[in-house]
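File shown: my_file.txt (compact mmCIF, C-alpha atoms and all ligand atoms).
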# COMPACT_ATOMS: atom_id res chain seq x y z
CA MET A 839 169.60 144.46 108.11
CA LYS A 840 168.73 147.19 110.60
CA ILE A 841 166.10 146.25 113.19
CA PHE A 842 163.61 148.73 114.69
CA ILE A 843 161.16 147.81 117.45
CA GLU A 844 158.05 149.79 118.33
CA GLU A 845 157.91 150.74 122.00
CA SER A 846 154.59 148.97 122.48
CA ALA A 847 156.02 145.82 120.82
CA LEU A 848 158.90 145.41 123.28
CA PRO A 849 157.19 142.98 125.73
CA PHE A 850 156.21 140.39 123.12
CA ALA A 851 158.10 137.07 122.90
CA LEU A 852 159.28 137.54 119.31
CA SER A 853 160.71 140.97 120.11
CA GLN A 854 162.44 139.60 123.20
CA GLU A 855 163.96 136.74 121.23
CA ILE A 856 165.26 139.04 118.48
CA MET A 857 166.52 141.63 121.00
CA ALA A 858 168.58 138.92 122.69
CA LYS A 859 170.35 138.05 119.43
CA PHE A 860 170.63 141.20 117.31
CA PRO A 861 171.32 144.92 117.71
CA TYR A 862 168.15 147.03 117.50
CA GLU A 863 166.72 150.49 117.94
CA VAL A 864 163.50 151.33 119.78
CA ILE A 865 161.13 153.71 117.95
CA PRO A 866 157.84 155.30 119.11
CA SER A 867 155.92 153.63 116.26
CA TRP A 868 156.34 152.44 112.71
CA GLU A 869 153.80 155.00 111.45
CA LYS A 870 155.82 157.87 112.91
CA PHE A 871 159.16 156.61 111.58
CA LYS A 872 160.96 159.39 109.68
CA TRP A 873 162.02 158.16 106.25
CA GLU A 874 164.57 160.01 104.16
CA LEU A 875 163.17 162.32 101.52
CA LEU A 876 163.81 160.08 98.54
CA PRO A 877 161.82 159.15 95.44
CA GLU A 878 159.36 156.29 96.06
CA GLU A 879 161.38 153.78 94.01
CA GLU A 880 164.52 154.43 96.06
CA LEU A 881 162.61 154.19 99.33
CA VAL A 882 161.38 150.71 98.37
CA SER A 883 165.04 149.62 98.06
CA VAL A 884 166.07 151.29 101.34
CA GLY A 885 163.07 149.67 103.05
CA LYS A 886 164.28 146.18 102.11
CA ARG A 887 167.14 146.59 104.59
CA ARG A 888 164.98 147.77 107.51
CA LEU A 889 162.98 145.38 109.62
CA PHE A 890 160.25 146.78 111.89
CA LEU A 891 158.73 144.79 114.72
CA VAL A 892 155.20 146.11 114.92
CA ASN A 893 152.39 145.63 117.42
CA PHE A 894 149.80 144.41 114.90
CA LYS A 895 146.13 145.19 115.49
CA GLY A 896 144.71 143.65 112.30
CA GLU A 897 143.46 140.20 111.31
CA PHE A 898 146.03 137.40 111.35
CA LEU A 899 143.95 135.04 109.23
CA LYS A 900 142.70 136.02 105.80
CA HIS A 901 141.28 134.43 102.71
CA CYS A 902 143.71 134.61 99.80
CA PRO A 903 142.72 137.82 97.94
CA GLY A 904 142.49 135.83 94.68
CA THR A 905 141.51 137.90 91.75
CA LYS A 906 138.07 138.81 90.47
CA ASN A 907 136.53 136.67 87.70
CA TYR A 908 139.32 134.07 87.61
CA LEU A 909 139.35 130.66 89.27
CA CYS A 910 140.77 130.87 92.77
CA CYS A 911 141.63 127.89 95.00
CA GLY A 912 140.19 128.79 98.44
CA TYR A 913 143.50 129.19 100.26
CA GLN A 914 143.92 130.74 103.70
CA ILE A 915 146.72 133.10 104.61
CA PHE A 916 148.35 133.26 108.02
CA HIS A 917 149.53 136.85 108.05
CA ILE A 918 153.00 137.04 109.67
CA GLY A 919 154.19 140.36 108.27
CA GLU A 920 154.65 142.39 105.12
CA GLY A 921 157.55 143.03 102.75
CA CYS A 922 160.45 140.96 101.45
CA PRO A 923 164.23 141.43 101.53
CA LEU A 924 164.55 139.71 98.12
CA ASP A 925 163.96 141.87 95.07
CA CYS A 926 162.05 140.53 92.07
CA SER A 927 161.34 143.01 89.29
CA TYR A 928 157.75 141.75 88.95
CA CYS A 929 156.98 141.74 92.69
CA ILE A 930 153.58 143.17 93.37
CA LEU A 931 154.62 144.15 96.89
CA GLN A 932 156.52 147.11 95.39
CA LEU A 933 153.09 148.57 94.88
CA TYR A 934 150.78 146.99 97.47
CA LEU A 935 152.53 148.21 100.54
CA ASN A 936 151.80 151.86 100.95
CA ARG A 937 154.93 152.51 103.02
CA PRO A 938 158.39 150.99 102.66
CA GLY A 939 160.12 148.65 105.14
CA LEU A 940 159.78 145.03 106.19
CA LYS A 941 157.19 144.56 108.89
CA LEU A 942 156.91 141.64 111.21
CA TRP A 943 154.07 141.26 113.70
CA ALA A 944 155.77 141.28 117.11
CA ASN A 945 152.66 139.87 118.83
CA LEU A 946 152.52 136.91 116.42
CA LEU A 947 153.42 134.24 118.98
CA GLU A 948 150.80 135.50 121.42
CA ASP A 949 147.85 136.88 119.42
CA GLY A 950 148.57 135.36 116.00
CA PHE A 951 149.24 131.82 117.18
CA ARG A 952 146.18 131.94 119.48
CA ARG A 953 144.00 132.91 116.52
CA LEU A 954 145.59 130.19 114.38
CA ILE A 955 145.16 127.46 117.00
CA ASP A 956 141.46 128.37 117.42
CA PHE A 957 141.01 128.16 113.66
CA LEU A 958 142.81 124.79 113.45
CA ASP A 959 140.66 123.42 116.31
CA GLU A 960 137.45 124.60 114.64
CA SER A 961 138.30 123.07 111.28
CA LYS A 962 139.31 119.80 112.92
CA LYS A 963 135.94 119.68 114.70
CA ARG A 964 134.10 120.46 111.45
CA LYS A 965 136.28 117.88 109.67
CA SER A 966 136.92 120.41 106.93
CA VAL A 967 140.39 120.19 105.51
CA ILE A 968 142.42 123.41 105.34
CA ARG A 969 145.30 124.70 103.24
CA ILE A 970 147.10 127.63 104.76
CA GLY A 971 150.26 129.52 103.86
CA THR A 972 152.39 132.44 105.03
CA GLY A 973 153.93 133.51 101.72
CA GLU A 974 151.36 135.98 100.38
CA PHE A 975 152.70 139.30 101.67
CA THR A 976 156.30 138.18 102.18
CA ASP A 977 158.61 135.26 101.37
CA SER A 978 157.90 132.62 104.05
CA LEU A 979 161.57 131.92 104.77
CA ALA A 980 163.75 134.83 103.63
CA LEU A 981 163.91 136.25 107.18
CA GLU A 982 163.95 132.88 108.95
CA ALA A 983 167.52 133.30 110.28
CA ILE A 984 166.31 136.33 112.26
CA THR A 985 162.76 135.32 113.15
CA GLY A 986 162.56 131.50 113.32
CA ILE A 987 158.83 131.86 112.53
CA SER A 988 158.56 128.91 110.12
CA GLU A 989 160.32 126.63 112.58
CA LYS A 990 157.84 127.69 115.27
CA LEU A 991 154.93 127.06 112.90
CA ILE A 992 156.22 123.58 112.04
CA ASN A 993 156.44 122.81 115.78
CA LEU A 994 152.88 124.07 116.21
CA TRP A 995 151.75 121.78 113.37
CA LEU A 996 153.52 118.81 114.98
CA LYS A 997 151.97 119.58 118.37
CA TYR A 998 148.35 120.18 117.24
CA ASP A 999 148.35 117.77 114.30
CA PRO A 1000 145.65 119.76 112.46
CA TYR A 1001 143.45 118.48 109.66
CA GLY A 1002 145.26 120.48 107.02
CA LEU A 1003 148.43 121.59 105.34
CA LEU A 1004 150.84 124.42 106.01
CA GLU A 1005 152.57 125.72 102.90
CA LEU A 1006 155.81 127.70 103.26
CA LYS A 1007 156.54 129.47 99.95
CA THR A 1008 160.01 130.69 99.21
CA LYS A 1009 162.81 131.40 96.75
CA VAL A 1010 165.70 130.82 99.15
CA TYR A 1011 168.08 127.92 99.73
CA LEU A 1012 167.49 125.98 102.93
CA PRO A 1013 170.48 123.97 104.17
CA GLU A 1014 170.19 120.53 105.74
CA GLY A 1015 170.72 122.03 109.21
CA PHE A 1016 167.43 123.88 108.88
CA TYR A 1017 165.41 120.68 108.38
CA GLN A 1018 167.22 118.99 111.25
CA LYS A 1019 165.74 121.48 113.72
CA THR A 1020 162.30 119.82 113.71
CA LYS A 1021 160.70 116.49 112.90
CA GLY A 1022 159.41 116.13 109.35
CA THR A 1023 155.72 115.81 108.44
CA PRO A 1024 153.92 115.50 105.08
CA LYS A 1025 151.44 118.09 106.38
CA VAL A 1026 154.07 120.80 106.00
CA ILE A 1027 154.88 121.71 102.40
CA PHE A 1028 158.03 123.54 101.43
CA ALA A 1029 157.09 125.26 98.19
CA TRP A 1030 159.50 126.91 95.78
CA SER A 1031 158.55 129.42 93.15
CA VAL A 1032 160.56 128.27 90.17
CA ASN A 1033 161.54 129.89 86.93
CA THR A 1034 164.00 129.48 84.09
CA GLU A 1035 167.67 130.21 84.86
CA LYS A 1036 167.46 133.29 82.66
CA ILE A 1037 164.53 134.83 84.57
CA ILE A 1038 166.06 133.94 87.94
CA ALA A 1039 169.36 135.60 86.99
CA GLU A 1040 167.81 138.68 85.38
CA GLU A 1041 164.61 139.32 87.33
CA GLU A 1042 164.89 137.74 90.80
CA LYS A 1043 167.62 139.64 92.63
CA GLY A 1044 168.89 138.05 95.85
CA THR A 1045 167.13 134.70 95.35
CA ALA A 1046 168.69 131.21 95.18
CA SER A 1047 169.53 129.61 91.82
CA LEU A 1048 167.21 126.96 90.41
CA GLU A 1049 169.82 124.31 91.27
CA ALA A 1050 169.91 125.48 94.91
CA ARG A 1051 166.09 125.55 95.18
CA LEU A 1052 165.85 121.98 93.89
CA LYS A 1053 168.64 120.84 96.19
CA SER A 1054 166.67 122.30 99.13
CA ALA A 1055 163.54 120.52 97.91
CA LEU A 1056 165.36 117.18 97.89
CA LEU A 1057 166.55 117.83 101.44
CA ALA A 1058 162.99 118.66 102.52
CA VAL A 1059 161.81 115.33 101.08
CA LYS A 1060 164.69 113.48 102.75
CA HIS A 1061 163.57 114.89 106.11
CA GLY A 1062 159.93 113.81 105.69
CA PHE A 1063 158.25 116.99 104.41
CA SER A 1064 156.11 117.48 101.31
CA VAL A 1065 157.19 119.87 98.57
CA ALA A 1066 155.45 121.96 95.92
CA PHE A 1067 156.52 124.09 92.97
CA HIS A 1068 154.98 127.22 91.53
CA PHE A 1069 155.81 128.24 87.99
CA ASP A 1070 154.69 131.74 88.72
CA PRO A 1071 155.09 134.11 87.02
CA MET A 1072 155.93 132.44 83.74
CA ILE A 1073 157.45 135.16 81.60
CA TYR A 1074 157.43 135.18 77.83
CA TYR A 1075 160.70 135.70 75.91
CA GLU A 1076 162.35 134.12 72.92
CA GLY A 1077 163.19 130.57 73.93
CA ALA A 1078 160.80 130.47 76.90
CA GLU A 1079 158.74 127.74 75.22
CA THR A 1080 161.67 125.34 75.35
CA GLU A 1081 163.16 126.44 78.67
CA TYR A 1082 160.04 126.17 80.88
CA PRO A 1083 159.35 122.51 80.03
CA ARG A 1084 163.02 121.74 80.71
CA VAL A 1085 162.63 123.13 84.23
CA LEU A 1086 159.51 121.02 84.79
CA GLU A 1087 161.26 117.94 83.40
CA LYS A 1088 164.17 118.50 85.76
CA ILE A 1089 161.80 118.65 88.74
CA LEU A 1090 159.90 115.54 87.70
CA ASN A 1091 163.13 113.59 87.20
CA LEU A 1092 164.67 114.70 90.47
CA ILE A 1093 161.89 114.77 93.06
CA PRO A 1094 159.92 111.63 93.97
CA LEU A 1095 156.47 112.36 92.50
CA LYS A 1096 154.60 111.08 95.56
CA LYS A 1097 156.24 113.80 97.64
CA ILE A 1098 155.03 116.64 95.40
CA ALA A 1099 151.82 118.09 96.81
CA TRP A 1100 151.12 120.23 93.76
CA ILE A 1101 152.60 122.21 90.91
CA SER A 1102 150.95 125.45 89.83
CA LEU A 1103 151.33 127.53 86.70
CA GLY A 1104 150.56 131.19 86.19
CA THR A 1105 151.79 133.74 83.66
CA LEU A 1106 152.88 137.30 84.44
CA ARG A 1107 150.03 139.57 85.55
CA PHE A 1108 150.13 142.87 87.39
CA PRO A 1109 148.14 146.00 88.20
CA LYS A 1110 148.88 148.84 85.77
CA PRO A 1111 150.69 151.16 88.23
CA LEU A 1112 153.31 148.47 88.98
CA LYS A 1113 154.90 148.99 85.57
CA ASP A 1114 155.85 152.57 86.37
CA ILE A 1115 157.62 151.89 89.67
CA ALA A 1116 159.20 148.60 88.50
CA GLN A 1117 160.65 150.22 85.38
CA LYS A 1118 162.24 152.93 87.50
CA ARG A 1119 163.69 150.35 89.91
CA PHE A 1120 164.76 147.87 87.21
CA PRO A 1121 165.57 149.95 84.11
CA VAL A 1122 167.22 147.04 82.25
CA SER A 1123 164.33 144.61 82.76
CA LYS A 1124 162.55 143.85 79.50
CA ILE A 1125 159.50 142.15 80.93
CA TYR A 1126 157.28 145.23 80.83
CA SER A 1127 158.03 146.10 77.20
CA PHE A 1128 155.67 143.40 75.98
CA GLU A 1129 152.12 143.98 74.85
CA PHE A 1130 149.51 143.25 77.52
CA VAL A 1131 145.76 143.11 77.71
CA GLU A 1132 143.63 144.25 80.64
CA GLY A 1133 141.91 141.26 82.23
CA LEU A 1134 138.50 141.08 83.90
CA ASP A 1135 140.26 141.77 87.21
CA LEU A 1136 141.79 144.97 85.69
CA LYS A 1137 145.28 143.44 85.85
CA LEU A 1138 147.49 143.44 82.77
CA ARG A 1139 148.39 140.00 81.42
CA TYR A 1140 149.58 138.46 78.14
CA PHE A 1141 147.06 137.91 75.36
CA ILE A 1142 145.41 134.52 75.70
CA GLU A 1143 147.31 133.07 72.73
CA ILE A 1144 150.65 133.80 74.42
CA ARG A 1145 149.40 132.37 77.73
CA LYS A 1146 148.20 129.24 75.98
CA LYS A 1147 151.48 128.94 74.08
CA LEU A 1148 153.47 129.04 77.32
CA TYR A 1149 151.19 126.57 79.11
CA LYS A 1150 150.91 124.20 76.16
CA THR A 1151 154.66 123.63 76.13
CA MET A 1152 154.18 121.94 79.50
CA ALA A 1153 150.99 120.05 78.58
CA ASN A 1154 152.65 116.77 77.53
CA LEU A 1155 154.68 116.54 80.73
CA ILE A 1156 151.59 117.41 82.76
CA LYS A 1157 149.45 114.80 81.02
CA SER A 1158 152.08 112.10 81.51
CA THR A 1159 152.27 112.67 85.28
CA GLU A 1160 148.82 114.00 86.22
CA ARG A 1161 147.82 110.73 87.89
CA GLU A 1162 150.57 111.21 90.45
CA VAL A 1163 150.93 114.99 90.69
CA THR A 1164 148.21 117.62 91.16
CA TYR A 1165 148.61 120.49 88.69
CA TYR A 1166 146.63 123.70 88.66
CA PHE A 1167 146.59 127.09 87.01
CA CYS A 1168 146.76 130.04 89.36
CA MET A 1169 144.22 132.77 88.60
CA GLU A 1170 143.31 131.59 85.14
CA SER A 1171 140.04 131.33 83.27
CA GLU A 1172 138.15 128.06 82.73
CA ARG A 1173 138.91 128.51 79.02
CA ILE A 1174 142.64 127.93 79.71
CA TRP A 1175 141.88 124.76 81.66
CA ARG A 1176 139.71 123.49 78.83
CA GLU A 1177 141.94 124.44 75.91
CA VAL A 1178 145.30 123.51 77.44
CA LEU A 1179 144.48 120.45 79.54
CA ALA A 1180 141.05 119.46 78.21
CA VAL A 1181 139.71 119.78 81.76
CA ASN A 1182 136.28 121.21 82.42
CA LEU A 1183 136.56 123.04 85.67
CA HIS A 1184 133.56 125.27 85.89
CA ASP A 1185 133.93 127.18 89.05
CA PHE A 1186 135.77 128.00 92.20
CA ALA A 1187 134.42 124.86 93.90
CA GLY A 1188 136.00 122.65 91.24
CA LEU A 1189 139.50 124.00 91.82
CA LYS A 1190 139.06 124.01 95.59
CA ASP A 1191 137.91 120.37 95.52
CA LEU A 1192 140.91 119.37 93.43
CA LEU A 1193 143.35 120.81 95.96
CA ASP A 1194 141.34 119.67 98.98
CA ARG A 1195 141.55 116.08 97.69
CA THR A 1196 145.35 116.36 97.69
CA ALA A 1197 145.27 117.92 101.15
CA LYS A 1198 143.15 115.02 102.47
CA ARG A 1199 145.54 112.49 100.94
CA LEU A 1200 148.56 114.11 102.63
CA CYS A 1201 146.69 114.38 105.93
CA SER A 1202 145.90 110.65 105.91
CA HIS A 1203 149.58 109.63 105.98
S1 LIG A 1301 160.48 136.57 96.61
FE1 LIG A 1301 158.29 136.95 96.35
S2 LIG A 1301 157.79 138.48 97.91
FE2 LIG A 1301 160.03 138.47 97.69
S3 LIG A 1301 160.48 140.09 96.17
FE3 LIG A 1301 160.29 138.15 95.05
S4 LIG A 1301 158.11 138.07 94.41
FE4 LIG A 1301 158.29 139.62 96.04
In structure tokens, write the structure found in this file.
Ligand code: SF4
Amino acid sequence: MKIFIEESALPFALSQEIMAKFPYEVIPSWEKFKWELLPEEELVSVGKRRLFLVNFKGEFLKHCPGTKNYLCCGYQIFHIGEGCPLDCSYCILQLYLNRPGLKLWANLLEDGFRRLIDFLDESKKRKSVIRIGTGEFTDSLALEAITGISEKLINLWLKYDPYGLLELKTKVYLPEGFYQKTKGTPKVIFAWSVNTEKIIAEEEKGTASLEARLKSALLAVKHGFSVAFHFDPMIYYEGAETEYPRVLEKILNLIPLKKIAWISLGTLRFPKPLKDIAQKRFPVSKIYSFEFVEGLDLKLRYFIEIRKKLYKTMANLIKSTEREVTYYFCMESERIWREVLAVNLHDFAGLKDLLDRTAKRLCSH
């Protein structure tokens, strides 16, 4: 990984820490960085090996963008940077980020943490429980060995003891030594996106195997943290209906249910232009050769019968454990909730309440 630091980002603590440990190059600014003249799809790959420390002027706290006309859960995002060194063929970041490269906000520990602490104080005063995560525009832990950001956030959580949960979403393996760096707390959730072995091997380049993700989850539990799992995106292929429930069964047999904050499910969905760039970058991937329908949010997704078929394979396992584990569909219609789980969840407030109840339970420990 090559590290570049903007001139104006040099004084910040995160830059100083990284400069003390790794070789780096100072650049006038990320915007003025001269990229090679390469096709867009190649630049995305080159950009995954370049980390830019940027003096960020934008908003550190955001509402999860959700998606229009589907049920969204009211999640907050703590924005630590953009881009991911891992390389999933379905990753929406290939499209969202208008310029290549991994960006990390150099002023995070000063400006970002200040903003976060104010927000945590406010919500504690209002007694309104919060759920916040860092894994929306990057993997929360893929760059941890360089940045130490998640460790710093856990320490902040331990110090301020907020009324709410911090979710760190990832697809990497975390060794025991990582968890030994801080105290454990149920208010911090280590969350793994999970998939079948076939999809992990074929579509999630650079990520840990399912076995390694589950081993990390067990270690997180052993050290006093909560865990979560996201079946997202579930991808349809011949045999998927039997393989997805096997993954869920494995999780439920291995991880103590009381330690699982939630498990979400969501099938493949993407904005139309992603297909073009992803097919150029991953010519052997078959996931885009399926037939899709345009949803109310203008994203392409499987026809509802296929989505239901995938979800229904998990329904028995869900029903048998739903008293102990919170399950939810990510960005799905109320029709899916009703027809797959026989749950009438009419609106955004219903889904938010469901997850807030879990958050309150974990905060009361
Ligand atoms: S791990 Fe997540 S953020 Fe990283 S490439 Fe895969 S989908 Fe994108």
When the cut-off is 7 Å and you count all atoms listed in the file, which residues lie near ligand LIG 1301 (chain A), shown as a CSV table (one decimal) with C-alpha atoms, in the coordinates of the input?
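Okay, result05.csv is ready:
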chain,number,residue,atom,x,y,z
A,921,GLY,CA,157.6,143.0,102.8
A,922,CYS,CA,160.4,141.0,101.4
A,923,PRO,CA,164.2,141.4,101.5
A,924,LEU,CA,164.6,139.7,98.1
A,925,ASP,CA,164.0,141.9,95.1
A,926,CYS,CA,162.0,140.5,92.1
A,928,TYR,CA,157.8,141.8,89.0
A,929,CYS,CA,157.0,141.7,92.7
A,930,ILE,CA,153.6,143.2,93.4
A,931,LEU,CA,154.6,144.2,96.9
A,975,PHE,CA,152.7,139.3,101.7
A,976,THR,CA,156.3,138.2,102.2
A,977,ASP,CA,158.6,135.3,101.4
A,1008,THR,CA,160.0,130.7,99.2
A,1009,LYS,CA,162.8,131.4,96.8
A,1042,GLU,CA,164.9,137.7,90.8
Interatomic distance, CA of Lys1025 (chain A) to CA of Thr1159 (chain A) (Å, one decimal):
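Rounded to one decimal, the two atoms are 21.8 Å apart.
If you count all atoms listed in the file and ignore residues fewer than 4 places along the chain from Glu982 (chain A), what sits within 12 Å of it is Ile856, Ile918, Cys922, Pro923, Leu942, Thr976, Asp977, Ser978, Gly986, Ile987, Ser988, Glu989, Lys990, Leu991, Leu1006, Thr1008, Val1010, Tyr1011, Leu1012 and Phe1016 of chain A.
Within 7 Å of the point (158.9, 129.2, 82.8) in file coordinates, and counting only C-alpha atoms, lie the residues A:Asn1033, A:Thr1034, A:Phe1069, A:Met1072, A:Ile1073, A:Ala1078, A:Glu1081, A:Tyr1082.
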Writing out the chosen residues with C-alpha atoms as a PDB file, in the coordinates of the input:
ATOM      1  CA  ASN A1033     161.540 129.890  86.930  1.00  0.00           C
ATOM      2  CA  THR A1034     164.000 129.480  84.090  1.00  0.00           C
ATOM      3  CA  PHE A1069     155.810 128.240  87.990  1.00  0.00           C
ATOM      4  CA  MET A1072     155.930 132.440  83.740  1.00  0.00           C
ATOM      5  CA  ILE A1073     157.450 135.160  81.600  1.00  0.00           C
ATOM      6  CA  ALA A1078     160.800 130.470  76.900  1.00  0.00           C
ATOM      7  CA  GLU A1081     163.160 126.440  78.670  1.00  0.00           C
ATOM      8  CA  TYR A1082     160.040 126.170  80.880  1.00  0.00           C
TER       9      TYR A1082
END
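When only C-alpha atoms are used to measure the gap to Ile1156 (chain A), the shortest distance among A:Glu1049, A:Glu1040, A:Asp1070, A:Glu1087 belongs to A:Glu1087.
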Within 6 Å of Trp943 (chain A) using all atoms listed in the file, minus same-chain residues under 2 positions, as a list in words
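Here the answer would be Leu891, Val892, Asn893, Phe894, Ile918, Gly919, Asn945 and Leu946 of chain A.
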At a cut-off of 10 Å around the point (143.1, 125.6, 103.1) (file coordinates), what residues fall inside when counting only C-alpha atoms? I'd like the answer as a count of residues only.
23
Suppose you want the space between CA of Ala980 (chain A) and CA of Lys886 (chain A); what is it in Å?
11.5 Å
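Distances from A:Lys962, A:Lys1088, A:Lys997, A:Lys1118 to Leu1052 (chain A) were compared using only C-alpha atoms, and the smallest one belongs to A:Lys1088.
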At what distance in Å, to one decimal, does CA of Thr1020 (chain A) lie from CA of Ala983 (chain A)?
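For CA of Ala983 (chain A) relative to CA of Thr1020 (chain A), the distance reads 14.9 Å.
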Could you build a table of the residues in region 1095-1151 of chain A lying no more than 6 Å from region 1160-1177 of chain A, giving for each the nearest pair of atoms and their separation in Å rounded to one decimal place, using only C-alpha atoms, ordered by chain and ascending residue number, as CSV?
residue,atom,partner,partner_atom,distance
A:Trp1100,CA,A:Thr1164,CA,4.7
A:Ile1101,CA,A:Tyr1165,CA,4.9
A:Ser1102,CA,A:Tyr1166,CA,4.8
A:Leu1103,CA,A:Phe1167,CA,4.8
A:Gly1104,CA,A:Cys1168,CA,5.1
Exercise on region 1145-1153 of chain A, axis-aligned box with 4 Å per side, report centre and edge lengths in Å to one decimal, as lines of an AutoDock Vina configuration file:
center_x = 151.4
center_y = 126.2
center_z = 76.8
size_x = 14.5
size_y = 20.3
size_z = 13.4
Residue neighbourhood region 873-885 of chain A, 12 Å, only C-alpha atoms, exclusion window fewer than 2 positions, as a ChimeraX atom specification
/A:839-842,868-871,887-890,920-927,929-941,1043,1112-1121
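Considering the residues A:Tyr862, A:Trp995, A:Phe1130, A:Tyr1075 and counting all atoms listed in the file, Lys1147 (chain A) has its shortest atom-to-atom contact with A:Tyr1075.
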Writing N, CA and C atoms and nothing else, produce region 1053-1072 of chain A as a PDB file, in the first residue's frame.
ATOM      1  N   LYS A1053     -14.544 -17.708  13.024  1.00  0.00           N
ATOM      2  CA  LYS A1053     -13.548 -17.854  14.091  1.00  0.00           C
ATOM      3  C   LYS A1053     -13.318 -16.491  14.773  1.00  0.00           C
ATOM      4  N   SER A1054     -13.240 -15.432  13.964  1.00  0.00           N
ATOM      5  CA  SER A1054     -13.076 -14.083  14.529  1.00  0.00           C
ATOM      6  C   SER A1054     -14.279 -13.704  15.390  1.00  0.00           C
ATOM      7  N   ALA A1055     -15.463 -14.102  14.934  1.00  0.00           N
ATOM      8  CA  ALA A1055     -16.685 -13.769  15.681  1.00  0.00           C
ATOM      9  C   ALA A1055     -16.658 -14.450  17.050  1.00  0.00           C
ATOM     10  N   LEU A1056     -16.218 -15.699  17.070  1.00  0.00           N
ATOM     11  CA  LEU A1056     -16.129 -16.406  18.359  1.00  0.00           C
ATOM     12  C   LEU A1056     -15.150 -15.716  19.293  1.00  0.00           C
ATOM     13  N   LEU A1057     -14.034 -15.241  18.722  1.00  0.00           N
ATOM     14  CA  LEU A1057     -13.037 -14.536  19.534  1.00  0.00           C
ATOM     15  C   LEU A1057     -13.617 -13.223  20.078  1.00  0.00           C
ATOM     16  N   ALA A1058     -14.396 -12.544  19.244  1.00  0.00           N
ATOM     17  CA  ALA A1058     -15.022 -11.281  19.688  1.00  0.00           C
ATOM     18  C   ALA A1058     -15.931 -11.559  20.890  1.00  0.00           C
ATOM     19  N   VAL A1059     -16.717 -12.632  20.785  1.00  0.00           N
ATOM     20  CA  VAL A1059     -17.621 -13.004  21.884  1.00  0.00           C
ATOM     21  C   VAL A1059     -16.811 -13.339  23.143  1.00  0.00           C
ATOM     22  N   LYS A1060     -15.755 -14.121  22.933  1.00  0.00           N
ATOM     23  CA  LYS A1060     -14.905 -14.518  24.078  1.00  0.00           C
ATOM     24  C   LYS A1060     -14.373 -13.285  24.822  1.00  0.00           C
ATOM     25  N   HIS A1061     -14.119 -12.199  24.069  1.00  0.00           N
ATOM     26  CA  HIS A1061     -13.543 -11.005  24.702  1.00  0.00           C
ATOM     27  C   HIS A1061     -14.606  -9.987  25.125  1.00  0.00           C
ATOM     28  N   GLY A1062     -15.873 -10.398  25.124  1.00  0.00           N
ATOM     29  CA  GLY A1062     -16.920  -9.555  25.714  1.00  0.00           C
ATOM     30  C   GLY A1062     -17.640  -8.626  24.753  1.00  0.00           C
ATOM     31  N   PHE A1063     -17.431  -8.771  23.453  1.00  0.00           N
ATOM     32  CA  PHE A1063     -18.130  -7.916  22.482  1.00  0.00           C
ATOM     33  C   PHE A1063     -19.404  -8.607  21.977  1.00  0.00           C
ATOM     34  N   SER A1064     -20.272  -7.828  21.362  1.00  0.00           N
ATOM     35  CA  SER A1064     -21.427  -8.408  20.651  1.00  0.00           C
ATOM     36  C   SER A1064     -21.001  -8.679  19.212  1.00  0.00           C
ATOM     37  N   VAL A1065     -21.779  -9.502  18.530  1.00  0.00           N
ATOM     38  CA  VAL A1065     -21.491  -9.764  17.111  1.00  0.00           C
ATOM     39  C   VAL A1065     -22.782  -9.669  16.299  1.00  0.00           C
ATOM     40  N   ALA A1066     -22.625  -9.497  15.005  1.00  0.00           N
ATOM     41  CA  ALA A1066     -23.795  -9.475  14.105  1.00  0.00           C
ATOM     42  C   ALA A1066     -23.357 -10.084  12.777  1.00  0.00           C
ATOM     43  N   PHE A1067     -24.349 -10.481  11.978  1.00  0.00           N
ATOM     44  CA  PHE A1067     -24.045 -11.086  10.684  1.00  0.00           C
ATOM     45  C   PHE A1067     -24.993 -10.508   9.636  1.00  0.00           C
ATOM     46  N   HIS A1068     -24.427 -10.217   8.481  1.00  0.00           N
ATOM     47  CA  HIS A1068     -25.248  -9.661   7.398  1.00  0.00           C
ATOM     48  C   HIS A1068     -25.152 -10.575   6.183  1.00  0.00           C
ATOM     49  N   PHE A1069     -26.244 -11.218   5.864  1.00  0.00           N
ATOM     50  CA  PHE A1069     -26.315 -12.011   4.631  1.00  0.00           C
ATOM     51  C   PHE A1069     -26.633 -11.023   3.519  1.00  0.00           C
ATOM     52  N   ASP A1070     -25.605 -10.371   3.033  1.00  0.00           N
ATOM     53  CA  ASP A1070     -25.876  -9.269   2.120  1.00  0.00           C
ATOM     54  C   ASP A1070     -24.647  -8.996   1.258  1.00  0.00           C
ATOM     55  N   PRO A1071     -24.703  -9.175  -0.050  1.00  0.00           N
ATOM     56  CA  PRO A1071     -25.897  -9.539  -0.809  1.00  0.00           C
ATOM     57  C   PRO A1071     -26.019 -11.059  -0.953  1.00  0.00           C
ATOM     58  N   MET A1072     -27.251 -11.557  -0.796  1.00  0.00           N
ATOM     59  CA  MET A1072     -27.505 -12.951  -1.144  1.00  0.00           C
ATOM     60  C   MET A1072     -27.589 -13.008  -2.663  1.00  0.00           C
TER      61      MET A1072
END
